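Below is work-v4.pdb, which holds PDB, C-alpha atoms.
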```pdb
MODEL        1
ATOM      1  CA  MET A 270     105.334  99.671  90.413
ATOM      2  CA  GLU A 271     104.926 100.699  86.784
ATOM      3  CA  SER A 272     102.172  99.050  84.791
ATOM      4  CA  ASN A 273     103.684  95.988  83.182
ATOM      5  CA  LEU A 274     101.368  93.602  81.346
ATOM      6  CA  ASN A 275     103.744  90.735  82.239
ATOM      7  CA  LEU A 276     102.407  91.005  85.800
ATOM      8  CA  ALA A 277      98.742  90.776  84.804
ATOM      9  CA  SER A 278      98.203  87.076  84.356
ATOM     10  CA  ILE A 279      95.695  85.765  81.879
ATOM     11  CA  CYS A 280      93.816  83.897  84.633
ATOM     12  CA  GLY A 281      93.440  87.061  86.740
ATOM     13  CA  LEU A 282      96.283  86.645  89.213
ATOM     14  CA  PHE A 283      98.546  89.592  89.998
ATOM     15  CA  CYS A 284     102.069  88.257  89.432
ATOM     16  CA  GLY A 285     103.533  91.157  91.414
ATOM     17  CA  SER A 286     102.296  89.454  94.591
ATOM     18  CA  CYS A 287     103.825  86.055  93.788
ATOM     19  CA  SER A 288     106.731  84.815  95.902
ATOM     20  CA  LEU A 289     108.467  83.558  92.760
ATOM     21  CA  TYR A 290     108.253  86.980  91.131
ATOM     22  CA  ILE A 291     109.161  88.961  94.264
ATOM     23  CA  ASN A 292     112.201  86.819  95.065
ATOM     24  CA  THR A 293     113.338  86.797  91.418
ATOM     25  CA  GLN A 294     113.210  90.590  91.250
ATOM     26  CA  GLU A 295     115.055  90.891  94.567
ATOM     27  CA  ASN A 296     117.534  88.176  93.518
ATOM     28  CA  ASN A 297     116.851  86.349  96.779
ATOM     29  CA  ILE A 298     118.561  83.086  95.869
ATOM     30  CA  ASP A 299     118.123  81.545  99.337
ATOM     31  CA  LYS A 300     114.327  81.863  99.208
ATOM     32  CA  LEU A 301     114.202  80.820  95.549
ATOM     33  CA  GLU A 302     116.165  77.650  96.374
ATOM     34  CA  VAL A 303     113.624  76.762  99.076
ATOM     35  CA  ILE A 304     110.758  77.376  96.652
ATOM     36  CA  ALA A 305     112.514  75.389  93.903
ATOM     37  CA  LYS A 306     112.916  72.422  96.238
ATOM     38  CA  SER A 307     109.246  72.567  97.266
ATOM     39  CA  LEU A 308     108.201  72.651  93.587
ATOM     40  CA  ASN A 309     110.660  69.882  92.646
ATOM     41  CA  GLN A 310     112.417  72.025  90.066
ATOM     42  CA  THR A 311     115.848  73.566  89.644
ATOM     43  CA  LEU A 312     116.740  77.055  90.795
ATOM     44  CA  GLU A 313     117.073  78.153  87.165
ATOM     45  CA  GLU A 314     113.551  76.852  86.469
ATOM     46  CA  THR A 315     112.198  78.889  89.390
ATOM     47  CA  PHE A 316     113.094  82.398  88.226
ATOM     48  CA  CYS A 317     110.016  84.277  87.014
ATOM     49  CA  ASP A 318     109.333  87.711  85.548
ATOM     50  CA  GLY A 319     105.555  87.249  85.270
ATOM     51  CA  CYS A 320     102.921  85.424  83.265
ATOM     52  CA  ARG A 321     103.573  87.041  79.922
ATOM     53  CA  ALA A 322     107.349  87.404  80.292
ATOM     54  CA  GLU A 323     109.912  85.370  78.432
ATOM     55  CA  ARG A 324     111.371  84.008  81.702
ATOM     56  CA  LYS A 325     108.640  82.134  83.579
ATOM     57  CA  SER A 326     108.793  79.573  86.324
ATOM     58  CA  ALA A 327     108.658  75.962  85.164
ATOM     59  CA  TYR A 328     105.761  75.529  87.577
ATOM     60  CA  CYS A 329     103.694  77.963  85.513
ATOM     61  CA  THR A 330     104.855  76.805  82.096
ATOM     62  CA  LYS A 331     104.182  73.138  82.946
ATOM     63  CA  ASN A 332     100.835  73.621  84.701
ATOM     64  CA  CYS A 333      99.161  76.578  83.015
ATOM     65  CA  THR A 334      96.859  76.011  80.054
ATOM     66  CA  PHE A 335      95.315  79.490  80.151
ATOM     67  CA  PHE A 336      98.140  81.159  78.232
ATOM     68  CA  ASP A 337      97.777  78.931  75.166
ATOM     69  CA  CYS A 338      93.978  78.984  75.389
ATOM     70  CA  ALA A 339      93.921  82.802  75.420
ATOM     71  CA  LYS A 340      96.320  82.908  72.483
ATOM     72  CA  GLU A 341      94.093  80.524  70.489
ATOM     73  CA  ARG A 342      91.014  82.621  71.280
ATOM     74  CA  ASN A 343      92.820  85.920  70.650
ATOM     75  CA  ILE A 344      91.997  87.323  74.085
ATOM     76  CA  SER A 345      94.166  88.912  76.787
ATOM     77  CA  PHE A 346      92.324  87.697  79.901
ATOM     78  CA  CYS A 347      90.045  84.776  80.692
ATOM     79  CA  GLY A 348      87.329  87.261  81.648
ATOM     80  CA  GLU A 349      87.040  88.290  77.976
ATOM     81  CA  CYS A 350      86.154  84.750  76.891
ATOM     82  CA  LYS A 351      82.646  83.748  75.850
ATOM     83  CA  ASP A 352      83.101  80.602  77.989
ATOM     84  CA  TYR A 353      84.188  82.505  81.118
ATOM     85  CA  PRO A 354      84.379  81.099  83.676
ATOM     86  CA  CYS A 355      85.221  77.700  82.211
ATOM     87  CA  GLN A 356      85.385  74.608  84.406
ATOM     88  CA  GLU A 357      89.184  74.595  84.273
ATOM     89  CA  LEU A 358      89.355  78.139  85.656
ATOM     90  CA  LYS A 359      86.763  77.291  88.327
ATOM     91  CA  ASP A 360      88.810  74.261  89.401
ATOM     92  CA  PHE A 361      92.031  76.303  89.375
ATOM     93  CA  GLN A 362      90.460  79.032  91.513
ATOM     94  CA  THR A 363      89.454  76.634  94.305
ATOM     95  CA  LYS A 364      92.855  74.994  94.863
ATOM     96  CA  MET A 365      94.858  77.716  96.619
ATOM     97  CA  PRO A 366      94.017  80.831  98.664
ATOM     98  CA  HIS A 367      95.994  83.265  96.489
ATOM     99  CA  ARG A 368      93.404  82.542  93.777
ATOM    100  CA  LEU A 369      90.374  83.567  95.847
ATOM    101  CA  GLU A 370      89.915  86.942  94.138
ATOM    102  CA  LEU A 371      90.057  85.797  90.494
ATOM    103  CA  TRP A 372      86.406  86.664  89.799
ATOM    104  CA  SER A 373      86.643  90.162  91.239
ATOM    105  CA  SER A 374      89.943  90.674  89.398
ATOM    106  CA  HIS A 375      88.334  89.885  86.057
ATOM    107  CA  GLU A 376      85.400  92.158  86.895
ATOM    108  CA  ARG A 377      87.779  95.051  87.659
ATOM    109  CA  ILE A 378      89.942  94.420  84.590
ATOM    110  CA  ASN A 379      86.815  94.509  82.411
ATOM    111  CA  GLU A 380      85.515  97.589  84.238
ATOM    112  CA  VAL A 381      88.617  99.796  84.526
ATOM    113  CA  GLY A 382      91.317  98.127  82.392
ATOM    114  CA  TRP A 383      94.373  96.168  83.424
ATOM    115  CA  GLU A 384      96.549  99.222  84.142
ATOM    116  CA  ILE A 385      94.223 100.617  86.837
ATOM    117  CA  TRP A 386      93.559  97.097  88.150
ATOM    118  CA  MET A 387      97.320  96.625  88.483
ATOM    119  CA  GLU A 388      97.652  99.864  90.463
ATOM    120  CA  GLU A 389      94.846  98.661  92.744
ATOM    121  CA  MET A 390      96.465  95.235  93.171
ATOM    122  CA  THR A 391      99.829  96.817  93.967
ATOM    123  CA  GLU A 392      98.169  98.754  96.800
ATOM    124  CA  HIS A 393      96.141  95.682  97.870
ATOM    125  CA  PHE A 394      99.322  93.642  98.379
ATOM    126  CA  LYS A 395     101.430  96.349 100.056
ATOM    127  CA  CYS A 396     102.012  96.420 103.796
ATOM    128  CA  THR A 397      99.866  99.196 105.220
ATOM    129  CA  SER A 398     102.688 100.115 107.597
ATOM    130  CA  CYS A 399     105.850 100.237 105.444
ATOM    131  CA  GLN A 400     104.461  99.872 101.879
ATOM    132  CA  THR A 401     106.527  96.754 101.088
ATOM    133  CA  LEU A 402     104.928  94.537  98.449
ATOM    134  CA  ASN A 403     104.098  91.176 100.006
ATOM    135  CA  SER A 404     102.718  87.924  98.699
ATOM    136  CA  ALA A 405      99.316  86.461  99.503
ATOM    137  CA  TYR A 406     101.078  84.192 102.001
ATOM    138  CA  ASN A 407     103.025  86.862 103.904
ATOM    139  CA  VAL A 408     100.770  86.833 106.955
ATOM    140  CA  THR A 409     103.163  89.333 108.478
ATOM    141  CA  CYS A 410     105.114  91.862 106.421
ATOM    142  CA  ARG A 411     108.393  90.383 105.239
ATOM    143  CA  LYS A 412     110.162  93.703 105.891
ATOM    144  CA  CYS A 413     108.701  95.276 109.047
ATOM    145  CA  GLY A 414     106.763  92.363 110.584
ATOM    146  CA  PHE A 415     103.439  94.257 110.619
ATOM    147  CA  THR A 416     100.339  92.077 110.781
ATOM    148  CA  PRO A 417      98.573  91.633 108.454
ATOM    149  CA  GLY A 418     101.178  91.665 105.700
ATOM    150  CA  ASN A 419      98.695  93.293 103.310
ATOM    151  CA  ASN A 420      94.982  93.823 102.705
ATOM    152  CA  PHE A 421      94.653  90.526 100.837
ATOM    153  CA  VAL A 422      95.838  88.716 103.971
ATOM    154  CA  LEU A 423      93.440  90.779 106.069
ATOM    155  CA  ALA A 424      90.529  89.685 103.887
ATOM    156  CA  HIS A 425      91.520  85.999 103.608
ATOM    157  CA  ASN A 426      93.561  85.304 106.739
ATOM    158  CA  GLU A 427      91.592  82.227 107.818
ATOM    159  CA  SER A 428      91.886  80.506 104.420
ATOM    160  CA  ILE A 429      95.583  81.350 104.172
ATOM    161  CA  LEU A 430      96.394  80.053 107.656
ATOM    162  CA  ARG A 431      94.403  76.863 107.035
ATOM    163  CA  PHE A 432      96.292  76.310 103.771
ATOM    164  CA  ILE A 433      99.712  77.002 105.326
ATOM    165  CA  SER A 434      99.045  74.657 108.256
ATOM    166  CA  SER A 435      98.043  71.842 105.859
ATOM    167  CA  LYS A 436     101.484  71.914 104.183
TER
ENDMDL
END
```
Serialized structure, structure tokens:
Amino acid sequence: MESNLNLASICGLFCGSCSLYINTQENNIDKLEVIAKSLNQTLEETFCDGCRAERKSAYCTKNCTFFDCAKERNISFCGECKDYPCQELKDFQTKMPHRLELWSSHERINEVGWEIWMEEMTEHFKCTSCQTLNSAYNVTCRKCGFTPGNNFVLAHNESILRFISSK
């Protein structure tokens, strides 16, 4: 995956591992319709090309305040802010398992830059068997069925399974 700043979210998430992004890029309308229904939005509102892209999911545009905050403060990532981590980012981080690595993501972005961080995240979310990029919630690889679906899942399996079973 080429370095694309659209996939490096302001809050520290790697958009390349998001189900919305993956299914948009693969034009998987069936999965996007399921996601749209679960988010109570239309299919058209569900397409997403990443945090900084022109086409973003309505879920992100309606719920994210980090984009506008970063623009006002003239920063690219929350980790550059003098108020990092703010209470809003702390609250955001605790709500879903795919956000568990926000702090380490900001540390790496500050340490090595977003391009190298993105390369690392791409590897982190690939299946170790077939190299398919999976989401934080693909407990098994969506292509070959290998478990775990990626190294993120390996590191956070218990939290992910607990979250999935609560839905």
In Å to one decimal, how far is CA of His367 in chain A from CA of Asn309 in chain A?
->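 Taking CA of Asn309 in chain A as the start and CA of His367 in chain A as the end point, the length is 20.2 Å.
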Which residue gives the smallest distance to Ala424 in chain A among A:Leu369, A:Leu276, A:Cys396, A:Ala322, with all atoms listed in the file counted?
->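 Using all atoms listed in the file, Ala424 in chain A sits closest to A:Leu369.
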Range 335-343 of chain A: which residues within 10 Å, counting only C-alpha atoms, same-chain residues fewer than 3 positions away excluded, as a PyMOL selection string?
-> chain A and resi 278-280+320-321+329-330+332+346-347+349-351+357-358
Okay, now the selection with C-alpha atoms, as a PDB file, in the frame of the given file?
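Produced file out.pdb, reproduced below:
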```pdb
ATOM      1  CA  SER A 278      98.203  87.076  84.356  1.00  0.00           C
ATOM      2  CA  ILE A 279      95.695  85.765  81.879  1.00  0.00           C
ATOM      3  CA  CYS A 280      93.816  83.897  84.633  1.00  0.00           C
ATOM      4  CA  CYS A 320     102.921  85.424  83.265  1.00  0.00           C
ATOM      5  CA  ARG A 321     103.573  87.041  79.922  1.00  0.00           C
ATOM      6  CA  CYS A 329     103.694  77.963  85.513  1.00  0.00           C
ATOM      7  CA  THR A 330     104.855  76.805  82.096  1.00  0.00           C
ATOM      8  CA  ASN A 332     100.835  73.621  84.701  1.00  0.00           C
ATOM      9  CA  PHE A 346      92.324  87.697  79.901  1.00  0.00           C
ATOM     10  CA  CYS A 347      90.045  84.776  80.692  1.00  0.00           C
ATOM     11  CA  GLU A 349      87.040  88.290  77.976  1.00  0.00           C
ATOM     12  CA  CYS A 350      86.154  84.750  76.891  1.00  0.00           C
ATOM     13  CA  LYS A 351      82.646  83.748  75.850  1.00  0.00           C
ATOM     14  CA  GLU A 357      89.184  74.595  84.273  1.00  0.00           C
ATOM     15  CA  LEU A 358      89.355  78.139  85.656  1.00  0.00           C
TER      16      LEU A 358
END
```
Expressed in Å to a single decimal, how great is the separation between CA of Trp386 in chain A and CA of Ala277 in chain A?
->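 Computed distance, CA of Trp386 in chain A to CA of Ala277 in chain A, equals 8.8 Å.
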Correct to one decimal, the distance CA of Phe316 in chain A-CA of Ile304 in chain A is 10.1 Å
Could you pull the residues within 12 Å of Ala305 in chain A, counting only C-alpha atoms, minus those fewer than 2 positions along the same chain, as a PyMOL selection string?
-> chain A and resi 288-289+292-293+298-303+307-317+326-328
Using all atoms listed in the file, which residues sit within 12 Å of Glu427 in chain A once same-chain residues fewer than 4 positions away are excluded, as a list of chain:residue names?
-> A:Pro366, A:Tyr406, A:Val408, A:Pro417, A:Phe421, A:Val422, A:Leu423, A:Arg431, A:Phe432, A:Ile433, A:Ser434
